[in-house]
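Just below is one structure, and these are the notes that go with it.
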Amino acid sequence: RKEVEQDPGPFNVPEGATVAFNCTYSNSASQSFFWYRQDCRKEPKLLMSVYSSGNEDGRFTAQLNRASQYISLLIRDSKLSDSATYLCVVNTGGSQGNLIFGKGTKLSVKP
Amino acid sequence: GAGVSQSPRYKVAKRGQDVALRCDPISGHVSLFWYQQALGQGPEFLTYFQNEAQLDKSGLPSDRFFAERPEGSVSTLKIQRTQQEDSAVYLCASAGMRSYEQYFGPGTRLTVT
């Protein structure tokens with residue numbers, strides 16, 4: 001079983017739709033959680049950290065459920081520019097920052 | 001300020017050749033990470049430095065892979081006797097005091113023919 005598993009995707013949605021991505025992680029000792037965004041043939045970029053209390057950044061909301069080892073990302077009012085691959089990322093703390101990435105979920109927002 | 005830079009951006013090597021990939025982290029970042037990203041996959045951890053010390057190399061797939069960061073700034077990832085399965089994008093990331101926030105370079109796309 002992979003350490004971080006994500007919805008397989010791809011997600012094809014119209015502009016303005018709300019879309020949710022889910023992710024589960026296997027290591028209960030995981031300490032930090034993130035969503036990264038990766039555009040085609042570009043490097044991953046930090047979208048947002050995920051906190052136990054849940055956090056929101058504009059149209060993006062991230063939630064963490066430690067008991068279920070589950071992380072989610074909700075995108076409201078999706079834009080064409082949101083089209084990218086979204087990577088669920090976990091830091092197990094093994095080497096002070098070693099990140100474990102999911103395979104990513106591809107999102108395509110259509111006009 | 002300048003972000004993480006990597007060179008070369010693209011590298012084509014014949015099987016059996018040695019290659020060296022360079023990473024210039026963000027100035028002042030003490031932590032530096034190397035990841036390998038195969039097509040359609042997420043990045044996978046290779047190795048981690050804190051300043052010049054290589055604290056974790058558990059992700060290096062074989063002894064053909066070697067990384068160094070002799071002065072605690074620029075890092076080089078070397079792959080000896082390249083094989084086709086080494087074809088991937090090699091990403092470098094650096095982090096400052098809050099080491100879980102990593103900033104990635106553009107990557108080096110290695111193709112072994």
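In the structure tokens, chains take letters A, B, ... by order of appearance, with residues numbered from 1 within each chain and ligands from 1 in the order shown.
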
Considering only C-alpha atoms, extract the chain B residues located within 9 Å of chain A and return them as a list in words.
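Output check: Ser31, Phe33, Gly40, Gln41, Gly42, Pro43, Glu44, Phe45, Thr47, Tyr48, Leu55, Asp56, Leu91, Ala95, Arg98, Ser99, Tyr100, Glu101, Gln102, Tyr103, Phe104, Gly105, Pro106 and Gly107 of chain B.
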
By how many Å are atom CA of B:Thr113 and atom CA of B:Gly59 apart?
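According to the coordinates, atom CA of B:Thr113 and atom CA of B:Gly59 are separated by 23.6 Å.
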
Which neighbours of stretch 62-68 of chain B fall inside 9 Å, counting only C-alpha atoms, when residues of the same chain fewer than 3 positions from it are skipped, and could you give them as a ChimeraX atom specification?
/B:34,47,49,52-54,57,59,74-82

Atom CA of A:Asn12 to atom CA of A:Ser108, straight-line distance in Å
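Going from atom CA of A:Ser108 over to atom CA of A:Asn12, I get 4.8 Å.
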
If we count only C-alpha atoms, what is near stretch 20-24 of chain A at a cut-off of 10 Å, once residues fewer than 6 positions away on the same chain are taken out, given as number ranges by chain?
A: 2-9, 11, 35, 60-66, 68-76, 86-90, 102, 104-107

Nearest to B:Val4 by atom-to-atom distance, counting only C-alpha atoms, from B:Leu110, B:Gln50, B:Cys92, B:Arg69:
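Counting only C-alpha atoms, the residue closest to B:Val4 is B:Cys92.
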
Record the distance separating atom CA of B:Val30 and atom CA of B:Pro70, expressed in Å with one decimal.
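Spanning atom CA of B:Val30 to atom CA of B:Pro70 is a straight-line distance of 12.7 Å.
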
Kindly indicate which residue among B:Ile26, B:Ser73, B:Gln83, B:Ala13 lies nearest to B:Pro61, using only C-alpha atoms for the distances.
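Under the stated criterion, the closest residue is B:Gln83.
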
Can you tell me which residues surround B:Val12 at a distance of at most 10 Å, considering only C-alpha atoms, apart from same-chain residues fewer than 5 positions away, and format the answer as a list in words?
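Here the answer would be Gln17, Val19, Ser87, Arg109, Leu110, Thr111, Val112 and Thr113 of chain B.
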
From stretch 17-91 of chain A, collect each residue whose DSSP state is strand (DSSP E or B) and return the set as number ranges by chain.
A: 19-25, 32-38, 44-50, 55-57, 60-65, 70-75, 84-91

Which one is closest to B:Asp86: B:Ala38, B:Ser58, B:Leu32, B:Leu21? Count only C-alpha atoms.
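So, comparing all the options, the nearest one is B:Ala38.
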